[in-house]
file entry39.cif (mmCIF, C-alpha atoms)
data_my_file
loop_
_atom_site.group_PDB
_atom_site.id
_atom_site.type_symbol
_atom_site.label_atom_id
_atom_site.label_comp_id
_atom_site.auth_asym_id
_atom_site.auth_seq_id
_atom_site.Cartn_x
_atom_site.Cartn_y
_atom_site.Cartn_z
ATOM 1 C CA MET A 1 -49.710 -11.126 -49.224
ATOM 2 C CA MET A 2 -50.132 -14.669 -50.461
ATOM 3 C CA ASN A 3 -51.995 -13.493 -53.579
ATOM 4 C CA LEU A 4 -49.185 -11.111 -54.452
ATOM 5 C CA GLU A 5 -46.614 -13.875 -54.151
ATOM 6 C CA ASN A 6 -48.730 -16.204 -56.285
ATOM 7 C CA HIS A 7 -49.083 -13.559 -58.972
ATOM 8 C CA LEU A 8 -45.363 -12.801 -58.911
ATOM 9 C CA HIS A 9 -44.609 -16.448 -59.593
ATOM 10 C CA HIS A 10 -46.927 -16.424 -62.639
ATOM 11 C CA LEU A 11 -45.198 -13.486 -64.343
ATOM 12 C CA PRO A 12 -43.446 -14.433 -67.585
ATOM 13 C CA GLN A 13 -39.679 -14.904 -67.467
ATOM 14 C CA HIS A 14 -37.551 -12.817 -69.819
ATOM 15 C CA SER A 15 -33.966 -13.380 -70.756
ATOM 16 C CA MET A 16 -31.729 -10.807 -72.334
ATOM 17 C CA GLU A 17 -29.551 -11.244 -75.330
ATOM 18 C CA ASN A 18 -25.920 -12.151 -74.763
ATOM 19 C CA ASP A 19 -24.524 -9.058 -76.436
ATOM 20 C CA LEU A 20 -27.061 -6.526 -75.118
ATOM 21 C CA TRP A 21 -24.521 -4.511 -73.100
ATOM 22 C CA ASP A 22 -22.158 -4.427 -76.049
ATOM 23 C CA LYS A 23 -24.917 -2.955 -78.227
ATOM 24 C CA ILE A 24 -25.724 -0.302 -75.616
ATOM 25 C CA GLU A 25 -22.075 0.696 -75.361
ATOM 26 C CA GLU A 26 -21.764 0.843 -79.143
ATOM 27 C CA LYS A 27 -24.767 3.185 -79.444
ATOM 28 C CA LEU A 28 -23.421 5.466 -76.728
ATOM 29 C CA ASN A 29 -20.051 5.671 -78.463
ATOM 30 C CA SER A 30 -21.520 6.229 -81.917
ATOM 31 C CA SER A 31 -23.503 9.316 -81.033
ATOM 32 C CA PRO A 32 -21.367 11.973 -79.368
ATOM 33 C CA LYS A 33 -24.382 14.252 -79.104
ATOM 34 C CA LEU A 34 -25.656 12.248 -76.119
ATOM 35 C CA ALA A 35 -22.458 12.918 -74.200
ATOM 36 C CA ASP A 36 -22.788 16.620 -75.019
ATOM 37 C CA HIS A 37 -26.234 16.734 -73.426
ATOM 38 C CA LEU A 38 -25.059 15.316 -70.122
ATOM 39 C CA PRO A 39 -24.755 18.018 -67.443
ATOM 40 C CA LEU A 40 -21.326 18.806 -66.041
ATOM 41 C CA HIS A 41 -21.052 19.380 -62.341
ATOM 42 C CA LYS A 42 -18.415 21.736 -61.041
ATOM 43 C CA VAL A 43 -17.069 20.780 -57.626
ATOM 44 C CA ASN A 44 -16.243 23.381 -55.026
ATOM 45 C CA SER A 45 -12.461 23.360 -54.465
ATOM 46 C CA ASP A 46 -12.918 23.196 -50.670
ATOM 47 C CA LEU A 47 -15.230 20.175 -50.864
ATOM 48 C CA TRP A 48 -12.523 17.578 -50.094
ATOM 49 C CA TYR A 49 -11.288 19.629 -47.143
ATOM 50 C CA THR A 50 -14.841 19.831 -45.789
ATOM 51 C CA ILE A 51 -15.255 16.051 -46.131
ATOM 52 C CA GLU A 52 -11.894 15.453 -44.420
ATOM 53 C CA ASP A 53 -12.825 17.795 -41.549
ATOM 54 C CA GLU A 54 -16.133 15.964 -41.028
ATOM 55 C CA LEU A 55 -14.358 12.607 -40.986
ATOM 56 C CA ASN A 56 -11.831 13.891 -38.427
ATOM 57 C CA ARG A 57 -14.635 15.235 -36.182
ATOM 58 C CA ALA A 58 -16.439 11.882 -36.333
ATOM 59 C CA ALA A 59 -13.204 10.030 -35.494
ATOM 60 C CA SER A 60 -12.503 12.316 -32.524
ATOM 61 C CA ARG A 61 -16.057 11.729 -31.248
ATOM 62 C CA ARG A 62 -15.460 7.956 -31.444
ATOM 63 C CA ARG A 63 -12.125 8.399 -29.631
ATOM 64 C CA THR A 64 -13.816 10.441 -26.922
ATOM 65 C CA ILE A 65 -16.490 7.770 -26.452
ATOM 66 C CA ARG A 66 -13.822 5.014 -26.348
ATOM 67 C CA LEU A 67 -11.826 7.058 -23.829
ATOM 68 C CA ARG A 68 -14.915 7.428 -21.632
ATOM 69 C CA HIS A 69 -15.529 3.658 -21.735
ATOM 70 C CA PHE A 70 -11.890 3.004 -20.912
ATOM 71 C CA SER A 71 -12.013 5.486 -18.021
ATOM 72 C CA VAL A 72 -15.108 3.805 -16.589
ATOM 73 C CA ALA A 73 -13.511 0.342 -16.872
ATOM 74 C CA ALA A 74 -10.300 1.555 -15.234
ATOM 75 C CA SER A 75 -12.267 3.166 -12.381
ATOM 76 C CA ILE A 76 -14.170 -0.077 -11.769
ATOM 77 C CA ALA A 77 -10.912 -2.066 -11.762
ATOM 78 C CA ILE A 78 -9.339 0.333 -9.237
ATOM 79 C CA ILE A 79 -12.385 0.138 -6.962
ATOM 80 C CA ILE A 80 -12.378 -3.676 -7.078
ATOM 81 C CA THR A 81 -8.635 -3.776 -6.343
ATOM 82 C CA ILE A 82 -8.932 -1.411 -3.375
ATOM 83 C CA GLY A 83 -11.898 -3.367 -2.011
ATOM 84 C CA THR A 84 -10.036 -6.668 -2.358
ATOM 85 C CA VAL A 85 -6.962 -5.296 -0.592
ATOM 86 C CA HIS A 86 -9.093 -3.848 2.191
ATOM 87 C CA LEU A 87 -11.028 -7.087 2.717
ATOM 88 C CA THR A 88 -7.845 -9.162 2.583
ATOM 89 C CA GLN A 89 -6.144 -7.030 5.220
ATOM 90 C CA ASN A 90 -9.154 -7.286 7.529
ATOM 91 C CA THR A 91 -9.304 -11.056 7.043
ATOM 92 C CA TYR A 92 -5.655 -11.530 7.987
ATOM 93 C CA GLN A 93 -6.132 -9.523 11.160
ATOM 94 C CA ASN A 94 -8.917 -11.828 12.365
ATOM 95 C CA GLN A 95 -7.111 -15.114 11.773
ATOM 96 C CA ILE A 96 -6.712 -17.697 14.499
ATOM 97 C CA HIS A 97 -3.190 -18.987 14.901
ATOM 98 C CA PHE A 98 -2.364 -22.473 16.117
ATOM 99 C CA SER A 99 0.695 -24.591 16.451
ATOM 100 C CA GLU A 100 1.237 -28.299 16.121
ATOM 101 C CA GLU A 101 3.194 -30.260 18.658
ATOM 102 C CA ILE A 102 4.548 -33.658 17.792
ATOM 103 C CA TYR A 103 5.149 -36.152 20.539
ATOM 104 C CA ILE A 104 7.956 -38.470 19.590
ATOM 105 C CA GLN A 105 8.362 -41.703 21.450
ATOM 106 C CA ASN A 106 11.927 -42.756 20.997
ATOM 107 C CA THR A 107 12.144 -46.480 20.733
ATOM 108 C CA PRO A 108 15.694 -47.695 21.048
ATOM 109 C CA VAL A 109 16.907 -49.671 18.061
ATOM 110 C CA ALA A 110 18.817 -51.920 20.460
ATOM 111 C CA GLU A 111 15.517 -53.387 21.767
ATOM 112 C CA ALA A 112 14.528 -54.319 18.218
ATOM 113 C CA ASN A 113 17.866 -56.080 17.737
ATOM 114 C CA ILE A 114 17.340 -58.086 20.984
ATOM 115 C CA GLN A 115 13.977 -59.340 19.751
ATOM 116 C CA GLU A 116 15.479 -60.264 16.381
ATOM 117 C CA ASN A 117 18.145 -62.320 18.141
ATOM 118 C CA ASP A 118 15.361 -64.156 20.001
ATOM 119 C CA VAL A 119 13.606 -64.892 16.687
ATOM 120 C CA LEU A 120 16.806 -66.230 15.114
ATOM 121 C CA GLU A 121 17.516 -68.467 18.147
ATOM 122 C CA ASN A 122 14.003 -69.894 17.936
ATOM 123 C CA CYS A 123 14.490 -70.598 14.211
ATOM 124 C CA THR A 124 17.480 -72.769 14.990
ATOM 125 C CA ILE A 125 15.444 -74.637 17.639
ATOM 126 C CA HIS A 126 12.184 -74.875 15.624
ATOM 127 C CA PRO A 127 13.113 -74.771 11.905
ATOM 128 C CA ALA A 128 9.653 -76.038 10.813
ATOM 129 C CA VAL A 129 7.988 -72.876 12.106
ATOM 130 C CA CYS A 130 10.413 -70.681 10.179
ATOM 131 C CA GLU A 131 9.495 -72.425 6.908
ATOM 132 C CA THR A 132 5.732 -71.745 7.101
ATOM 133 C CA PRO A 133 4.219 -69.244 4.616
ATOM 134 C CA ASP A 134 3.075 -66.910 7.430
ATOM 135 C CA PHE A 135 6.543 -66.789 8.942
ATOM 136 C CA THR A 136 8.237 -66.151 5.564
ATOM 137 C CA ARG A 137 5.729 -63.360 4.845
ATOM 138 C CA LEU A 138 6.480 -61.763 8.221
ATOM 139 C CA LYS A 139 10.232 -62.187 7.596
ATOM 140 C CA SER A 140 9.996 -60.374 4.216
ATOM 141 C CA ASN A 141 7.952 -57.582 5.854
ATOM 142 C CA LEU A 142 10.586 -57.335 8.577
ATOM 143 C CA ASP A 143 13.407 -57.097 6.026
ATOM 144 C CA ALA A 144 11.576 -54.341 4.118
ATOM 145 C CA LEU A 145 10.930 -52.376 7.323
ATOM 146 C CA LYS A 146 14.591 -52.713 8.359
ATOM 147 C CA LEU A 147 15.697 -51.360 4.993
ATOM 148 C CA LYS A 148 13.370 -48.362 5.381
ATOM 149 C CA GLU A 149 14.633 -47.793 8.921
ATOM 150 C CA GLN A 150 18.274 -47.733 7.758
ATOM 151 C CA GLN A 151 17.473 -45.327 4.922
ATOM 152 C CA LEU A 152 15.547 -43.044 7.263
ATOM 153 C CA ARG A 153 18.328 -43.120 9.854
ATOM 154 C CA LYS A 154 20.821 -41.946 7.184
ATOM 155 C CA LEU A 155 18.394 -39.271 6.013
ATOM 156 C CA LYS A 156 17.858 -38.027 9.585
ATOM 157 C CA GLN A 157 21.568 -37.309 9.861
ATOM 158 C CA THR A 158 21.434 -34.878 6.925
ATOM 159 C CA VAL A 159 17.967 -33.355 7.469
ATOM 160 C CA ASN A 160 16.984 -31.787 10.773
ATOM 161 C CA ASP A 161 13.205 -32.252 10.752
ATOM 162 C CA PRO A 162 11.126 -33.318 13.795
ATOM 163 C CA LYS A 163 8.774 -35.227 11.518
ATOM 164 C CA MET A 164 11.672 -37.469 10.477
ATOM 165 C CA GLU A 165 12.035 -38.531 14.088
ATOM 166 C CA LEU A 166 8.323 -39.323 14.171
ATOM 167 C CA TYR A 167 8.551 -41.450 11.021
ATOM 168 C CA HIS A 168 11.602 -43.224 12.371
ATOM 169 C CA SER A 169 9.908 -44.105 15.662
ATOM 170 C CA ARG A 170 6.878 -45.419 13.748
ATOM 171 C CA ILE A 171 9.058 -47.688 11.625
ATOM 172 C CA VAL A 172 10.896 -49.006 14.700
ATOM 173 C CA LYS A 173 7.517 -49.660 16.343
ATOM 174 C CA ASP A 174 6.356 -51.553 13.235
ATOM 175 C CA ILE A 175 9.574 -53.599 13.316
ATOM 176 C CA GLN A 176 8.931 -54.527 16.937
ATOM 177 C CA GLU A 177 5.324 -55.509 16.175
ATOM 178 C CA VAL A 178 6.382 -57.805 13.319
ATOM 179 C CA GLN A 179 9.064 -59.386 15.526
ATOM 180 C CA ALA A 180 6.497 -59.913 18.312
ATOM 181 C CA GLN A 181 4.200 -61.659 15.806
ATOM 182 C CA MET A 182 7.093 -63.853 14.728
ATOM 183 C CA LEU A 183 7.897 -64.749 18.361
ATOM 184 C CA GLN A 184 4.214 -65.590 18.948
ATOM 185 C CA MET A 185 4.472 -68.273 16.248
ATOM 186 C CA PHE A 186 6.950 -70.204 18.445
ATOM 187 C CA ILE A 187 4.592 -70.404 21.400
#
call {"tool": "encode", "arguments": {"input": "entry39.cif", "output": "structure tokens"}}
result
Amino acid sequence: MMNLENHLHHLPQHSMENDLWDKIEEKLNSSPKLADHLPLHKVNSDLWYTIEDELNRAASRRRTIRLRHFSVAASIAIIITIGTVHLTQNTYQNQIHFSEEIYIQNTPVAEANIQENDVLENCTIHPAVCETPDFTRLKSNLDALKLKEQQLRKLKQTVNDPKMELYHSRIVKDIQEVQAQMLQMFI
């Protein structure tokens, strides 16, 4: 194979003249005798109908094959859908049901106000304690918690949700813890 390729590369290169095709056409046109010697082929009048019939048969075969593929795909899709529905129904029947109970410890807001009054009385007695950075940090936390408690209390009036009561009791508990920390600073 390599020898053949080597020999092909050593063949001389030929280039044709620029007007070669024009000369060939001119010679063909100049001698009408050549055209007379060319054979004429007579076409059967039904030839185009035969070709059209063959093309239609081939197209119908392709349609039949496509229809078979589509039918198989549709059957597979139906089987998968039925299987999914069947498995889903069986899964729902075997589910375990549970409920969640929320224990809400109602902390009266009045108790929180009593502790706040104690803190304010101690601030008037011991103003130096109330000016420490720890006390001011606790006071700002207390103010933020009170604001949240007021907002949640208003929201509870419009929304009837047991979780709201839980959140509210947590905030009141946090308020009481911050106030207890503040009272501890006076001891």
call {"tool": "atom_distance", "arguments": {"input": "entry39.cif", "atom1": "CA of Leu147 in chain A", "atom2": "CA of Val119 in chain A"}}
result
18.0 Å
call {"tool": "atom_distance", "arguments": {"input": "entry39.cif", "atom1": "CA of Glu116 in chain A", "atom2": "CA of Met182 in chain A"}}
result
9.3 Å
call {"tool": "atom_distance", "arguments": {"input": "entry39.cif", "atom1": "CA of Met164 in chain A", "atom2": "CA of Asp118 in chain A"}}
result
28.6 Å
call {"tool": "closest_residue", "arguments": {"input": "entry39.cif", "among": "A:Leu152, A:Val178, A:Val85, A:Ala73", "to": "Leu166 in chain A", "atoms": "all atoms listed in the file"}}
result
A:Leu152
call {"tool": "closest_residue", "arguments": {"input": "entry39.cif", "among": "A:Asn122, A:Asn141, A:Thr64, A:Ser71", "to": "Gln184 in chain A", "atoms": "all atoms listed in the file"}}
result
A:Asn122
call {"tool": "residues_around", "arguments": {"input": "entry39.cif", "residues": "Leu142 in chain A", "least_positions_apart": "6", "cutoff": "9 Å", "atoms": "all atoms listed in the file", "output": "count of residues only"}}
result
5
call {"tool": "resolve_selection", "arguments": {"input": "entry39.cif", "expression": "the PyMOL selection byres ((chain A and resi 128-134) around 12)", "output": "list in words"}}
result
Val119, Leu120, Glu121, Asn122, Cys123, Thr124, Ile125, His126, Pro127, Phe135, Thr136, Arg137, Leu138, Lys139, Ser140, Asn141, Val178, Gln181, Met182, Leu183, Gln184, Met185, Phe186 and Ile187 of chain A
call {"tool": "build_atoms", "arguments": {"input": "entry39.cif", "residues": "range 133-153 of chain A", "atoms": "N, CA and C atoms", "output": "mmCIF file, in the coordinates of the input"}}
result
data_model
loop_
_atom_site.group_PDB
_atom_site.id
_atom_site.type_symbol
_atom_site.label_atom_id
_atom_site.label_comp_id
_atom_site.auth_asym_id
_atom_site.auth_seq_id
_atom_site.Cartn_x
_atom_site.Cartn_y
_atom_site.Cartn_z
ATOM 1 N N PRO A 133 4.470 -70.435 5.447
ATOM 2 C CA PRO A 133 4.219 -69.244 4.616
ATOM 3 C C PRO A 133 3.996 -67.975 5.443
ATOM 4 N N ASP A 134 3.302 -68.106 6.598
ATOM 5 C CA ASP A 134 3.075 -66.910 7.430
ATOM 6 C C ASP A 134 4.380 -66.351 7.971
ATOM 7 N N PHE A 135 5.261 -67.229 8.401
ATOM 8 C CA PHE A 135 6.543 -66.789 8.942
ATOM 9 C C PHE A 135 7.400 -66.139 7.848
ATOM 10 N N THR A 136 7.438 -66.734 6.649
ATOM 11 C CA THR A 136 8.237 -66.151 5.564
ATOM 12 C C THR A 136 7.675 -64.799 5.130
ATOM 13 N N ARG A 137 6.340 -64.654 5.172
ATOM 14 C CA ARG A 137 5.729 -63.360 4.845
ATOM 15 C C ARG A 137 6.142 -62.316 5.881
ATOM 16 N N LEU A 138 6.066 -62.689 7.162
ATOM 17 C CA LEU A 138 6.480 -61.763 8.221
ATOM 18 C C LEU A 138 7.964 -61.424 8.107
ATOM 19 N N LYS A 139 8.780 -62.411 7.739
ATOM 20 C CA LYS A 139 10.232 -62.187 7.596
ATOM 21 C C LYS A 139 10.506 -61.198 6.467
ATOM 22 N N SER A 140 9.775 -61.326 5.326
ATOM 23 C CA SER A 140 9.996 -60.374 4.216
ATOM 24 C C SER A 140 9.516 -58.977 4.604
ATOM 25 N N ASN A 141 8.400 -58.889 5.356
ATOM 26 C CA ASN A 141 7.952 -57.582 5.854
ATOM 27 C C ASN A 141 8.994 -56.969 6.785
ATOM 28 N N LEU A 142 9.564 -57.800 7.642
ATOM 29 C CA LEU A 142 10.586 -57.335 8.577
ATOM 30 C C LEU A 142 11.807 -56.813 7.830
ATOM 31 N N ASP A 143 12.243 -57.531 6.810
ATOM 32 C CA ASP A 143 13.407 -57.097 6.026
ATOM 33 C C ASP A 143 13.136 -55.756 5.335
ATOM 34 N N ALA A 144 11.926 -55.598 4.788
ATOM 35 C CA ALA A 144 11.576 -54.341 4.118
ATOM 36 C C ALA A 144 11.549 -53.189 5.120
ATOM 37 N N LEU A 145 10.977 -53.424 6.297
ATOM 38 C CA LEU A 145 10.930 -52.376 7.323
ATOM 39 C C LEU A 145 12.326 -51.997 7.796
ATOM 40 N N LYS A 146 13.213 -52.997 7.936
ATOM 41 C CA LYS A 146 14.591 -52.713 8.359
ATOM 42 C C LYS A 146 15.306 -51.841 7.328
ATOM 43 N N LEU A 147 15.070 -52.151 6.050
ATOM 44 C CA LEU A 147 15.697 -51.360 4.993
ATOM 45 C C LEU A 147 15.216 -49.908 5.064
ATOM 46 N N LYS A 148 13.907 -49.719 5.254
ATOM 47 C CA LYS A 148 13.370 -48.362 5.381
ATOM 48 C C LYS A 148 13.956 -47.656 6.602
ATOM 49 N N GLU A 149 14.100 -48.392 7.701
ATOM 50 C CA GLU A 149 14.633 -47.793 8.921
ATOM 51 C C GLU A 149 16.065 -47.324 8.710
ATOM 52 N N GLN A 150 16.879 -48.124 8.022
ATOM 53 C CA GLN A 150 18.274 -47.733 7.758
ATOM 54 C C GLN A 150 18.327 -46.499 6.863
ATOM 55 N N GLN A 151 17.488 -46.481 5.825
ATOM 56 C CA GLN A 151 17.473 -45.327 4.922
ATOM 57 C C GLN A 151 17.041 -44.062 5.671
ATOM 58 N N LEU A 152 16.034 -44.203 6.524
ATOM 59 C CA LEU A 152 15.547 -43.044 7.263
ATOM 60 C C LEU A 152 16.570 -42.570 8.286
ATOM 61 N N ARG A 153 17.290 -43.498 8.887
ATOM 62 C CA ARG A 153 18.328 -43.120 9.854
ATOM 63 C C ARG A 153 19.412 -42.303 9.151
#
